[in-house]
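Shown here: my_file_2.pdb, PDB, C-alpha atoms, pLDDT in the B column.
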ATOM      1  CA  MET H 204     -22.967  15.674 -15.667  1.00 85.00           C
ATOM      2  CA  LYS H 205     -25.969  17.987 -15.649  1.00 92.00           C
ATOM      3  CA  LEU H 206     -25.068  21.243 -13.915  1.00 96.00           C
ATOM      4  CA  VAL H 207     -28.518  22.823 -13.849  1.00 97.00           C
ATOM      5  CA  GLY H 208     -29.508  23.170 -10.211  1.00 97.00           C
ATOM      6  CA  LYS H 209     -26.241  21.709  -8.881  1.00 98.00           C
ATOM      7  CA  ALA H 210     -24.671  23.302  -5.802  1.00 98.00           C
ATOM      8  CA  VAL H 211     -21.091  24.340  -6.624  1.00 98.00           C
ATOM      9  CA  LEU H 212     -18.441  25.710  -4.255  1.00 98.00           C
ATOM     10  CA  VAL H 213     -15.430  27.431  -5.861  1.00 98.00           C
ATOM     11  CA  THR H 214     -12.488  28.610  -3.762  1.00 98.00           C
ATOM     12  CA  GLY H 215     -10.221  31.450  -4.822  1.00 98.00           C
ATOM     13  CA  ALA H 216     -13.159  32.841  -6.792  1.00 98.00           C
ATOM     14  CA  SER H 217     -12.583  36.589  -6.559  1.00 98.00           C
ATOM     15  CA  ARG H 218     -10.212  36.711  -9.534  1.00 96.00           C
ATOM     16  CA  GLY H 219      -8.502  34.706 -12.272  1.00 97.00           C
ATOM     17  CA  LEU H 220      -9.563  31.154 -13.043  1.00 98.00           C
ATOM     18  CA  GLY H 221     -11.721  30.895  -9.919  1.00 98.00           C
ATOM     19  CA  GLN H 222     -13.789  33.897 -10.924  1.00 98.00           C
ATOM     20  CA  ALA H 223     -14.097  32.568 -14.481  1.00 98.00           C
ATOM     21  CA  LEU H 224     -15.207  29.149 -13.216  1.00 98.00           C
ATOM     22  CA  MET H 225     -17.769  30.722 -10.903  1.00 98.00           C
ATOM     23  CA  ALA H 226     -19.234  32.660 -13.828  1.00 98.00           C
ATOM     24  CA  THR H 227     -19.210  29.689 -16.202  1.00 98.00           C
ATOM     25  CA  PHE H 228     -20.878  27.318 -13.732  1.00 98.00           C
ATOM     26  CA  ALA H 229     -23.553  29.924 -12.989  1.00 98.00           C
ATOM     27  CA  ARG H 230     -24.251  30.554 -16.665  1.00 98.00           C
ATOM     28  CA  ARG H 231     -24.708  26.808 -17.158  1.00 97.00           C
ATOM     29  CA  GLY H 232     -27.466  26.804 -14.519  1.00 98.00           C
ATOM     30  CA  ALA H 233     -25.621  25.890 -11.318  1.00 98.00           C
ATOM     31  CA  ARG H 234     -26.138  27.518  -7.938  1.00 98.00           C
ATOM     32  CA  VAL H 235     -22.692  28.796  -7.067  1.00 98.00           C
ATOM     33  CA  VAL H 236     -20.886  29.963  -3.942  1.00 98.00           C
ATOM     34  CA  GLY H 237     -17.562  31.719  -4.468  1.00 98.00           C
ATOM     35  CA  VAL H 238     -15.050  31.954  -1.635  1.00 98.00           C
ATOM     36  CA  SER H 239     -12.053  34.233  -1.223  1.00 98.00           C
ATOM     37  CA  ARG H 240      -9.986  35.938   1.486  1.00 96.00           C
ATOM     38  CA  HIS H 241     -10.646  39.212  -0.339  1.00 95.00           C
ATOM     39  CA  ALA H 242     -14.157  40.138   0.811  1.00 97.00           C
ATOM     40  CA  GLY H 243     -14.597  43.262  -1.340  1.00 97.00           C
ATOM     41  CA  GLU H 244     -13.347  41.638  -4.530  1.00 97.00           C
ATOM     42  CA  MET H 245     -15.393  38.509  -3.886  1.00 98.00           C
ATOM     43  CA  GLU H 246     -18.627  40.401  -3.343  1.00 98.00           C
ATOM     44  CA  ALA H 247     -18.034  42.564  -6.427  1.00 98.00           C
ATOM     45  CA  ALA H 248     -17.457  39.479  -8.604  1.00 98.00           C
ATOM     46  CA  ALA H 249     -20.609  37.789  -7.317  1.00 98.00           C
ATOM     47  CA  ALA H 250     -22.705  40.953  -7.550  1.00 98.00           C
ATOM     48  CA  ALA H 251     -21.851  41.380 -11.233  1.00 97.00           C
ATOM     49  CA  LEU H 252     -23.181  37.886 -11.927  1.00 98.00           C
ATOM     50  CA  ARG H 253     -26.299  38.406  -9.830  1.00 98.00           C
ATOM     51  CA  GLU H 254     -27.072  41.384 -12.070  1.00 97.00           C
ATOM     52  CA  GLU H 255     -27.355  38.831 -14.890  1.00 97.00           C
ATOM     53  CA  GLY H 256     -30.015  37.039 -12.854  1.00 98.00           C
ATOM     54  CA  LEU H 257     -27.671  34.217 -11.846  1.00 98.00           C
ATOM     55  CA  ASP H 258     -27.732  32.331  -8.545  1.00 98.00           C
ATOM     56  CA  VAL H 259     -24.314  33.355  -7.172  1.00 98.00           C
ATOM     57  CA  HIS H 260     -23.200  34.026  -3.617  1.00 98.00           C
ATOM     58  CA  ALA H 261     -20.010  35.374  -2.043  1.00 98.00           C
ATOM     59  CA  LEU H 262     -18.286  34.275   1.152  1.00 98.00           C
ATOM     60  CA  ALA H 263     -15.116  35.688   2.710  1.00 98.00           C
ATOM     61  CA  TYR H 264     -12.984  32.951   4.281  1.00 98.00           C
ATOM     62  CA  ASP H 265      -9.339  31.893   4.235  1.00 97.00           C
ATOM     63  CA  VAL H 266      -9.099  28.227   3.235  1.00 97.00           C
ATOM     64  CA  GLY H 267      -5.685  28.120   4.894  1.00 97.00           C
ATOM     65  CA  ASP H 268      -7.301  28.788   8.272  1.00 97.00           C
ATOM     66  CA  LYS H 269      -8.405  25.598  10.018  1.00 97.00           C
ATOM     67  CA  GLU H 270     -11.106  27.397  11.997  1.00 97.00           C
ATOM     68  CA  SER H 271     -12.723  28.706   8.799  1.00 97.00           C
ATOM     69  CA  ILE H 272     -13.511  25.398   7.128  1.00 98.00           C
ATOM     70  CA  TYR H 273     -16.669  24.226   8.874  1.00 97.00           C
ATOM     71  CA  PRO H 274     -18.179  27.738   9.087  1.00 98.00           C
ATOM     72  CA  LEU H 275     -17.426  28.115   5.362  1.00 98.00           C
ATOM     73  CA  VAL H 276     -19.108  24.833   4.432  1.00 98.00           C
ATOM     74  CA  GLY H 277     -22.026  25.539   6.759  1.00 98.00           C
ATOM     75  CA  ALA H 278     -22.606  28.972   5.235  1.00 98.00           C
ATOM     76  CA  ALA H 279     -22.323  27.641   1.678  1.00 98.00           C
ATOM     77  CA  THR H 280     -24.734  24.790   2.380  1.00 98.00           C
ATOM     78  CA  ALA H 281     -27.220  27.212   3.919  1.00 98.00           C
ATOM     79  CA  LEU H 282     -27.130  29.250   0.706  1.00 98.00           C
ATOM     80  CA  VAL H 283     -27.304  26.537  -1.982  1.00 98.00           C
ATOM     81  CA  GLY H 284     -27.831  23.198  -0.235  1.00 98.00           C
ATOM     82  CA  PRO H 285     -25.460  20.217   0.056  1.00 98.00           C
ATOM     83  CA  ILE H 286     -22.418  20.695  -2.151  1.00 98.00           C
ATOM     84  CA  ASP H 287     -22.431  18.668  -5.385  1.00 98.00           C
ATOM     85  CA  VAL H 288     -19.206  20.063  -6.862  1.00 98.00           C
ATOM     86  CA  LEU H 289     -16.201  21.332  -4.916  1.00 98.00           C
ATOM     87  CA  VAL H 290     -13.513  23.192  -6.870  1.00 98.00           C
ATOM     88  CA  ASN H 291     -10.261  23.453  -4.926  1.00 98.00           C
ATOM     89  CA  ASN H 292      -8.808  26.400  -6.811  1.00 98.00           C
ATOM     90  CA  ALA H 293      -7.466  28.750  -4.119  1.00 98.00           C
ATOM     91  CA  SER H 294      -3.661  28.848  -4.134  1.00 97.00           C
ATOM     92  CA  THR H 295      -0.737  30.920  -2.973  1.00 98.00           C
ATOM     93  CA  LEU H 296       2.742  31.121  -4.463  1.00 97.00           C
ATOM     94  CA  GLY H 297       4.364  32.220  -1.245  1.00 97.00           C
ATOM     95  CA  PRO H 298       6.725  35.212  -1.283  1.00 96.00           C
ATOM     96  CA  THR H 299       7.567  36.856  -4.604  1.00 97.00           C
ATOM     97  CA  PRO H 300       9.997  37.195  -6.294  1.00 96.00           C
ATOM     98  CA  LEU H 301      10.047  33.422  -6.023  1.00 97.00           C
ATOM     99  CA  PRO H 302      13.052  32.292  -3.944  1.00 97.00           C
ATOM    100  CA  LEU H 303      15.368  29.351  -4.301  1.00 98.00           C
ATOM    101  CA  LEU H 304      14.649  26.509  -1.890  1.00 97.00           C
ATOM    102  CA  LEU H 305      17.795  27.408   0.050  1.00 98.00           C
ATOM    103  CA  ASP H 306      16.298  30.857   0.613  1.00 98.00           C
ATOM    104  CA  THR H 307      12.759  29.680   1.393  1.00 98.00           C
ATOM    105  CA  ALA H 308      11.740  30.174   5.008  1.00 98.00           C
ATOM    106  CA  CYS H 309      10.191  27.159   6.691  1.00 98.00           C
ATOM    107  CA  GLU H 310       7.229  29.325   7.689  1.00 98.00           C
ATOM    108  CA  ASP H 311       6.656  30.343   4.052  1.00 98.00           C
ATOM    109  CA  LEU H 312       6.692  26.718   2.904  1.00 98.00           C
ATOM    110  CA  GLY H 313       4.289  25.891   5.717  1.00 98.00           C
ATOM    111  CA  ARG H 314       1.858  28.614   4.640  1.00 98.00           C
ATOM    112  CA  VAL H 315       1.894  27.450   1.000  1.00 98.00           C
ATOM    113  CA  LEU H 316       1.161  23.879   2.063  1.00 98.00           C
ATOM    114  CA  GLU H 317      -1.563  25.035   4.458  1.00 98.00           C
ATOM    115  CA  VAL H 318      -3.435  26.895   1.701  1.00 98.00           C
ATOM    116  CA  ASN H 319      -2.714  24.658  -1.289  1.00 98.00           C
ATOM    117  CA  VAL H 320      -2.880  21.199   0.295  1.00 98.00           C
ATOM    118  CA  VAL H 321      -4.196  21.147   3.848  1.00 98.00           C
ATOM    119  CA  GLY H 322      -7.041  23.561   3.047  1.00 98.00           C
ATOM    120  CA  PRO H 323      -8.339  21.400   0.177  1.00 98.00           C
ATOM    121  CA  PHE H 324      -7.948  18.314   2.382  1.00 98.00           C
ATOM    122  CA  ARG H 325     -10.066  19.896   5.098  1.00 98.00           C
ATOM    123  CA  LEU H 326     -12.700  21.133   2.652  1.00 98.00           C
ATOM    124  CA  THR H 327     -12.922  17.754   0.947  1.00 98.00           C
ATOM    125  CA  LYS H 328     -13.219  16.041   4.291  1.00 98.00           C
ATOM    126  CA  ALA H 329     -16.045  18.441   5.225  1.00 98.00           C
ATOM    127  CA  VAL H 330     -18.146  17.754   2.097  1.00 98.00           C
ATOM    128  CA  ALA H 331     -17.204  14.252   0.875  1.00 98.00           C
ATOM    129  CA  GLY H 332     -19.146  12.431   3.580  1.00 97.00           C
ATOM    130  CA  SER H 333     -22.393  14.099   2.550  1.00 97.00           C
ATOM    131  CA  MET H 334     -21.588  13.402  -1.091  1.00 98.00           C
ATOM    132  CA  ALA H 335     -21.050   9.715  -0.309  1.00 98.00           C
ATOM    133  CA  VAL H 336     -24.349   9.483   1.574  1.00 98.00           C
ATOM    134  CA  ARG H 337     -26.123  10.958  -1.460  1.00 98.00           C
ATOM    135  CA  GLY H 338     -24.144   8.724  -3.831  1.00 98.00           C
ATOM    136  CA  GLN H 339     -22.825  11.535  -5.985  1.00 97.00           C
ATOM    137  CA  GLY H 340     -20.348  14.376  -5.993  1.00 97.00           C
ATOM    138  CA  LEU H 341     -17.295  15.737  -7.787  1.00 98.00           C
ATOM    139  CA  VAL H 342     -14.126  17.288  -6.374  1.00 98.00           C
ATOM    140  CA  LEU H 343     -12.053  19.186  -8.924  1.00 98.00           C
ATOM    141  CA  ASN H 344      -8.482  19.963  -7.843  1.00 98.00           C
ATOM    142  CA  ILE H 345      -6.802  22.733  -9.812  1.00 98.00           C
ATOM    143  CA  SER H 346      -3.173  21.778 -10.232  1.00 98.00           C
ATOM    144  CA  SER H 347      -0.314  22.998 -12.432  1.00 97.00           C
ATOM    145  CA  ASP H 348       2.404  21.803 -14.776  1.00 96.00           C
ATOM    146  CA  ALA H 349       4.686  22.696 -11.853  1.00 96.00           C
ATOM    147  CA  ALA H 350       3.380  19.487 -10.274  1.00 97.00           C
ATOM    148  CA  VAL H 351       5.257  17.405 -12.853  1.00 96.00           C
ATOM    149  CA  SER H 352       8.154  19.675 -13.884  1.00 96.00           C
ATOM    150  CA  ALA H 353      10.989  20.857 -11.635  1.00 96.00           C
ATOM    151  CA  TYR H 354      11.129  24.598 -12.249  1.00 96.00           C
ATOM    152  CA  PRO H 355      13.811  26.440 -10.258  1.00 97.00           C
ATOM    153  CA  ARG H 356      12.332  28.874  -7.703  1.00 97.00           C
ATOM    154  CA  TRP H 357       8.868  27.285  -7.859  1.00 97.00           C
ATOM    155  CA  GLY H 358       9.737  24.799  -5.096  1.00 97.00           C
ATOM    156  CA  ALA H 359       7.071  25.492  -2.478  1.00 98.00           C
ATOM    157  CA  TYR H 360       4.280  25.857  -5.028  1.00 98.00           C
ATOM    158  CA  SER H 361       5.420  22.801  -7.011  1.00 98.00           C
ATOM    159  CA  VAL H 362       5.576  20.588  -3.938  1.00 98.00           C
ATOM    160  CA  SER H 363       2.097  21.713  -2.923  1.00 98.00           C
ATOM    161  CA  LYS H 364       0.594  20.932  -6.317  1.00 98.00           C
ATOM    162  CA  ILE H 365       2.013  17.431  -6.653  1.00 98.00           C
ATOM    163  CA  ALA H 366       0.821  16.772  -3.102  1.00 98.00           C
ATOM    164  CA  LEU H 367      -2.652  18.036  -4.004  1.00 98.00           C
ATOM    165  CA  GLU H 368      -2.781  15.772  -7.043  1.00 98.00           C
ATOM    166  CA  HIS H 369      -1.738  12.685  -5.118  1.00 98.00           C
ATOM    167  CA  LEU H 370      -4.195  13.573  -2.385  1.00 98.00           C
ATOM    168  CA  GLY H 371      -6.899  13.499  -5.054  1.00 98.00           C
ATOM    169  CA  ARG H 372      -5.762  10.073  -6.244  1.00 98.00           C
ATOM    170  CA  ILE H 373      -5.832   8.676  -2.726  1.00 98.00           C
ATOM    171  CA  TRP H 374      -9.309  10.130  -2.103  1.00 98.00           C
ATOM    172  CA  ALA H 375     -10.391   8.485  -5.368  1.00 98.00           C
ATOM    173  CA  ALA H 376      -9.036   5.090  -4.289  1.00 98.00           C
ATOM    174  CA  GLU H 377     -10.565   5.280  -0.830  1.00 98.00           C
ATOM    175  CA  LEU H 378     -13.993   6.434  -2.020  1.00 98.00           C
ATOM    176  CA  GLU H 379     -14.226   4.183  -5.063  1.00 97.00           C
ATOM    177  CA  GLY H 380     -17.758   2.946  -5.490  1.00 97.00           C
ATOM    178  CA  THR H 381     -19.393   5.671  -3.403  1.00 98.00           C
ATOM    179  CA  GLY H 382     -20.299   7.940  -6.323  1.00 97.00           C
ATOM    180  CA  VAL H 383     -17.830  10.598  -5.177  1.00 98.00           C
ATOM    181  CA  ARG H 384     -15.362  11.364  -7.955  1.00 97.00           C
ATOM    182  CA  PHE H 385     -12.069  13.266  -8.129  1.00 98.00           C
ATOM    183  CA  LEU H 386     -10.295  14.951 -11.030  1.00 98.00           C
ATOM    184  CA  ASN H 387      -6.956  16.798 -11.078  1.00 98.00           C
ATOM    185  CA  VAL H 388      -6.684  19.486 -13.743  1.00 98.00           C
ATOM    186  CA  ASP H 389      -3.649  21.363 -15.039  1.00 98.00           C
ATOM    187  CA  PRO H 390      -5.144  24.552 -16.500  1.00 97.00           C
ATOM    188  CA  GLY H 391      -1.920  25.640 -18.235  1.00 96.00           C
ATOM    189  CA  GLU H 392      -0.345  29.076 -18.191  1.00 95.00           C
ATOM    190  CA  MET H 393      -2.926  31.860 -17.992  1.00 96.00           C
ATOM    191  CA  ASP H 394      -2.844  35.632 -17.849  1.00 95.00           C
ATOM    192  CA  THR H 395      -3.668  36.006 -14.169  1.00 95.00           C
ATOM    193  CA  ARG H 396      -2.393  38.173 -11.342  1.00 93.00           C
ATOM    194  CA  MET H 397      -0.676  35.127  -9.841  1.00 94.00           C
ATOM    195  CA  TYR H 398       1.246  34.445 -13.063  1.00 93.00           C
ATOM    196  CA  ARG H 399       2.241  38.101 -13.356  1.00 94.00           C
ATOM    197  CA  ASP H 400       3.496  38.041  -9.767  1.00 94.00           C
ATOM    198  CA  ALA H 401       5.498  34.888 -10.476  1.00 94.00           C
ATOM    199  CA  VAL H 402       6.859  35.851 -13.894  1.00 94.00           C
ATOM    200  CA  PRO H 403       7.139  39.641 -14.128  1.00 94.00           C
ATOM    201  CA  GLY H 404       7.855  41.029 -17.565  1.00 90.00           C
ATOM    202  CA  ALA H 405       6.651  37.995 -19.539  1.00 91.00           C
ATOM    203  CA  ASP H 406       4.717  38.290 -22.801  1.00 93.00           C
ATOM    204  CA  TYR H 407       1.285  37.982 -21.221  1.00 94.00           C
ATOM    205  CA  ALA H 408      -0.485  38.389 -24.568  1.00 93.00           C
ATOM    206  CA  GLN H 409       0.635  34.860 -25.487  1.00 92.00           C
ATOM    207  CA  LEU H 410      -1.070  33.310 -22.454  1.00 94.00           C
ATOM    208  CA  GLN H 411      -4.504  31.723 -22.263  1.00 95.00           C
ATOM    209  CA  ARG H 412      -7.394  33.710 -20.858  1.00 97.00           C
ATOM    210  CA  PRO H 413      -9.008  32.260 -17.700  1.00 97.00           C
ATOM    211  CA  GLU H 414     -12.453  32.513 -19.293  1.00 97.00           C
ATOM    212  CA  GLY H 415     -11.448  30.193 -22.124  1.00 96.00           C
ATOM    213  CA  VAL H 416      -9.905  27.661 -19.749  1.00 97.00           C
ATOM    214  CA  ALA H 417     -12.987  27.733 -17.518  1.00 97.00           C
ATOM    215  CA  ALA H 418     -15.248  27.088 -20.516  1.00 96.00           C
ATOM    216  CA  ARG H 419     -13.157  24.049 -21.483  1.00 96.00           C
ATOM    217  CA  LEU H 420     -13.237  22.618 -17.972  1.00 96.00           C
ATOM    218  CA  VAL H 421     -16.955  23.061 -17.450  1.00 97.00           C
ATOM    219  CA  THR H 422     -17.739  21.678 -20.903  1.00 95.00           C
ATOM    220  CA  MET H 423     -15.595  18.631 -20.048  1.00 95.00           C
ATOM    221  CA  MET H 424     -17.543  18.154 -16.825  1.00 94.00           C
ATOM    222  CA  GLU H 425     -20.863  18.319 -18.625  1.00 94.00           C
ATOM    223  CA  GLY H 426     -19.795  16.020 -21.427  1.00 89.00           C
ATOM    224  CA  ARG H 427     -17.428  13.380 -20.107  1.00 88.00           C
ATOM    225  CA  ALA H 428     -16.507  13.793 -16.437  1.00 87.00           C
ATOM    226  CA  GLU H 429     -18.513  10.736 -15.416  1.00 87.00           C
ATOM    227  CA  SER H 430     -16.777   8.547 -18.019  1.00 92.00           C
ATOM    228  CA  LEU H 431     -13.277   9.364 -16.750  1.00 95.00           C
ATOM    229  CA  PRO H 432     -11.681   7.190 -14.057  1.00 96.00           C
ATOM    230  CA  SER H 433     -11.806   8.928 -10.697  1.00 98.00           C
ATOM    231  CA  GLY H 434      -8.384  10.371  -9.899  1.00 97.00           C
ATOM    232  CA  THR H 435      -7.588  11.168 -13.536  1.00 97.00           C
ATOM    233  CA  ARG H 436      -5.152  14.003 -14.324  1.00 97.00           C
ATOM    234  CA  LEU H 437      -6.247  16.251 -17.196  1.00 97.00           C
ATOM    235  CA  GLU H 438      -4.564  19.063 -19.103  1.00 96.00           C
ATOM    236  CA  ALA H 439      -6.940  21.840 -20.128  1.00 94.00           C
ATOM    237  CA  ALA H 440      -4.990  22.483 -23.327  1.00 91.00           C
ATOM    238  CA  LYS H 441      -5.925  18.986 -24.530  1.00 91.00           C
ATOM    239  CA  LEU H 442      -9.639  19.390 -23.876  1.00 91.00           C
ATOM    240  CA  GLU H 443     -12.066  20.330 -26.610  1.00 78.00           C
ATOM    241  CA  ALA H 444     -12.987  24.005 -26.795  1.00 68.00           C
ATOM    242  CA  ALA H 445     -16.429  24.960 -25.551  1.00 56.00           C
TER
END
Represent the structure of the file as structure tokens.
Amino acid sequence: MKLVGKAVLVTGASRGLGQALMATFARRGARVVGVSRHAGEMEAAAAALREEGLDVHALAYDVGDKESIYPLVGAATALVGPIDVLVNNASTLGPTPLPLLLDTACEDLGRVLEVNVVGPFRLTKAVAGSMAVRGQGLVLNISSDAAVSAYPRWGAYSVSKIALEHLGRIWAAELEGTGVRFLNVDPGEMDTRMYRDAVPGADYAQLQRPEGVAARLVTMMEGRAESLPSGTRLEAAKLEAA
């Protein structure tokens, strides 16, 4: 997949893996829009890349807010054109310290699902039709090993990630033959603010850096994304280094 000139939308792009993906896509020649709830952080991240002469834009929206989705997509399209690549990266853990399911409020579970599953569903729905008309497009869902392993206290997040993955597989089945493709990616454990919030006091020096994971994912997209069956689940740790 040639990324030069492609229009890429990355959610949760103000920090962590989202920020690293935004930078990596831009440095490979894509026109990138980063989205985050955190307006100041998002603009600062995009501005640093624009200083490198890269085509990067910042938008402040909450993907968990239904009323934000079409304004978000409209603004992104106005900046870079119809979206070629959508990266559903924005996520929330819910309250920390992470509670047991018995102690998880229904409202907290609802918020996690709204951001981590319903938001990506709405965004995909908003861009996939245009992708299908043009006969091309890629939706990359950022998942987790929590989608396949039952970790105590990670209940809300885990449920949201397995739901996101299966959503991607169903999209892939329903849009087979249209040129719109879906991949689910487990990036592995990274030294991010989210991980530090979830696992305080861990040995963060042993974790992957988001920049390295982003380089692996984007290199995979450039080299073999189109040869993989739509709906495939990938683990970043098993991908070749950039």
### Task
Spell out the residues picked by the PyMOL selection byres ((chain H and resi 237) around 7) here, as an MDAnalysis selection string.
chainID H and resid 212:214 216 225 235:236 238:239 260:262
Next, dump the selected residues to file, keeping only C-alpha atoms, as an mmCIF file, keeping the file's coordinate frame.
data_model
loop_
_atom_site.group_PDB
_atom_site.id
_atom_site.type_symbol
_atom_site.label_atom_id
_atom_site.label_comp_id
_atom_site.auth_asym_id
_atom_site.auth_seq_id
_atom_site.Cartn_x
_atom_site.Cartn_y
_atom_site.Cartn_z
ATOM 1 C CA LEU H 212 -18.441 25.710 -4.255
ATOM 2 C CA VAL H 213 -15.430 27.431 -5.861
ATOM 3 C CA THR H 214 -12.488 28.610 -3.762
ATOM 4 C CA ALA H 216 -13.159 32.841 -6.792
ATOM 5 C CA MET H 225 -17.769 30.722 -10.903
ATOM 6 C CA VAL H 235 -22.692 28.796 -7.067
ATOM 7 C CA VAL H 236 -20.886 29.963 -3.942
ATOM 8 C CA VAL H 238 -15.050 31.954 -1.635
ATOM 9 C CA SER H 239 -12.053 34.233 -1.223
ATOM 10 C CA HIS H 260 -23.200 34.026 -3.617
ATOM 11 C CA ALA H 261 -20.010 35.374 -2.043
ATOM 12 C CA LEU H 262 -18.286 34.275 1.152
#
### Query
Closest to H:Leu289 among H:Val383, H:Leu301, H:Ala359, H:Ala350, using only C-alpha atoms?
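Going through H:Val383, H:Leu301, H:Ala359, H:Ala350 one by one, the smallest distance to H:Leu289 is for H:Val383.
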### Task
Step by step, work through what the PyMOL selection byres ((chain H and resi 373) around 12) selects in the shown file, and finish by giving those residues as an MDAnalysis selection string.
chainID H and resid 324 366:372 374:379 384:387 433:435
#### Entry: Spatial neighbours of H:Glu317, max dist 9 Å, only C-alpha atoms, sep filter under 2 positions, as a PyMOL selection string
chain H and resi 266-269+312-315+319-323+363
#### Entry: Evaluate the PyMOL selection byres ((chain H and resi 218-224) around 10) and report residues as a ChimeraX atom specification
/H:213-217,225-230,235,237-239,241,244-245,248-249,290-293,345,390,393-398,412-421
### Message
Restricting the calculation to all atoms listed in the file: of H:Glu438, H:Glu255, H:Glu443, H:Asp265, which residue gets closest to H:Gly426?
### Response
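For H:Gly426, the nearest of the candidates is H:Glu443.
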### Computed interatomic separation between atom CA of H:Pro355 and atom CA of H:Pro298 (Å)
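Atom CA of H:Pro355 sits 14.4 Å away from atom CA of H:Pro298.
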### Query
Just how far from atom CA of H:Gln411 is atom CA of H:Lys441, in Å to one decimal?
13.0 Å
### Message
Which residues are close to H:Gly232, i.e. within 8 Å by all atoms listed in the file, leaving aside same-chain residues fewer than 6 positions away? Reply as a list in words.
### Response
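Residues meeting the cut-off are Leu206, Val207, Gly208, Lys209 and Leu257 of chain H.
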Centre, x/y/z edge lengths, axis-aligned box for stretch 313-317 of chain H with 5 Å per side, as AutoDock Vina command-line options:
--center_x 1.4 --center_y 26.2 --center_z 3.4 --size_x 15.9 --size_y 14.7 --size_z 14.7
### Message
Report, in Å with one decimal, the straight-line distance from atom CA of H:Cys309 to atom CA of H:Ser271.
### Response
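Separation between atom CA of H:Cys309 and atom CA of H:Ser271: 23.1 Å.
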### Message
Need the shell around stretch 278-288 of chain H: protein/DNA/RNA residues with any atom at most 7 Å away, counting all atoms listed in the file. Skip same-chain ones fewer than 5 positions apart. Format as a VMD selection string?
### Response
chain H and resid 209 to 212 234 236 330 334 340 to 342
### Message
Just checking: using only C-alpha atoms, which residue out of H:Thr422, H:Thr307, H:Ser430, H:Gln409 ends up closest to H:Gly358?
### Response
H:Thr307
### Query
Hey, which of H:Arg325, H:Ala233, H:Ala331, H:Thr295 ends up closest to H:Asp311? Count only C-alpha atoms.
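So, comparing all the options, the nearest one is H:Thr295.
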Stretch 319-330 of chain H written out with N, CA, C and O atoms as a CSV table (one decimal), in the first residue's frame:
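Dumped everything to part.csv:
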chain,number,residue,atom,x,y,z
H,319,ASN,N,-14.7,2.9,23.0
H,319,ASN,CA,-13.8,1.9,22.4
H,319,ASN,C,-14.5,1.0,21.3
H,319,ASN,O,-13.8,0.4,20.5
H,320,VAL,N,-15.8,1.0,21.3
H,320,VAL,CA,-16.6,0.2,20.4
H,320,VAL,C,-17.5,1.0,19.5
H,320,VAL,O,-17.5,1.0,18.3
H,321,VAL,N,-18.4,1.7,20.2
H,321,VAL,CA,-19.5,2.4,19.4
H,321,VAL,C,-18.9,3.5,18.7
H,321,VAL,O,-19.3,3.8,17.5
H,322,GLY,N,-17.9,4.2,19.2
H,322,GLY,CA,-17.2,5.3,18.5
H,322,GLY,C,-16.6,4.8,17.2
H,322,GLY,O,-16.8,5.4,16.1
H,323,PRO,N,-15.7,3.8,17.3
H,323,PRO,CA,-15.2,3.2,16.0
H,323,PRO,C,-16.2,2.7,15.0
H,323,PRO,O,-16.1,2.8,13.8
H,324,PHE,N,-17.3,2.1,15.6
H,324,PHE,CA,-18.4,1.7,14.7
H,324,PHE,C,-19.0,3.0,13.9
H,324,PHE,O,-19.2,2.9,12.7
H,325,ARG,N,-19.2,4.0,14.7
H,325,ARG,CA,-19.8,5.2,14.0
H,325,ARG,C,-18.8,5.8,13.0
H,325,ARG,O,-19.2,6.2,11.9
H,326,LEU,N,-17.5,5.9,13.4
H,326,LEU,CA,-16.6,6.4,12.5
H,326,LEU,C,-16.4,5.6,11.2
H,326,LEU,O,-16.4,6.1,10.1
H,327,THR,N,-16.4,4.3,11.4
H,327,THR,CA,-16.3,3.4,10.2
H,327,THR,C,-17.5,3.5,9.3
H,327,THR,O,-17.4,3.6,8.1
H,328,LYS,N,-18.7,3.6,9.9
H,328,LYS,CA,-19.9,3.8,9.2
H,328,LYS,C,-19.8,5.1,8.4
H,328,LYS,O,-20.3,5.2,7.2
H,329,ALA,N,-19.2,6.1,9.0
H,329,ALA,CA,-19.2,7.4,8.3
H,329,ALA,C,-18.2,7.5,7.1
H,329,ALA,O,-18.4,8.3,6.3
H,330,VAL,N,-17.2,6.6,7.1
H,330,VAL,CA,-16.2,6.7,6.0
H,330,VAL,C,-16.2,5.5,5.1
H,330,VAL,O,-15.7,5.6,4.0
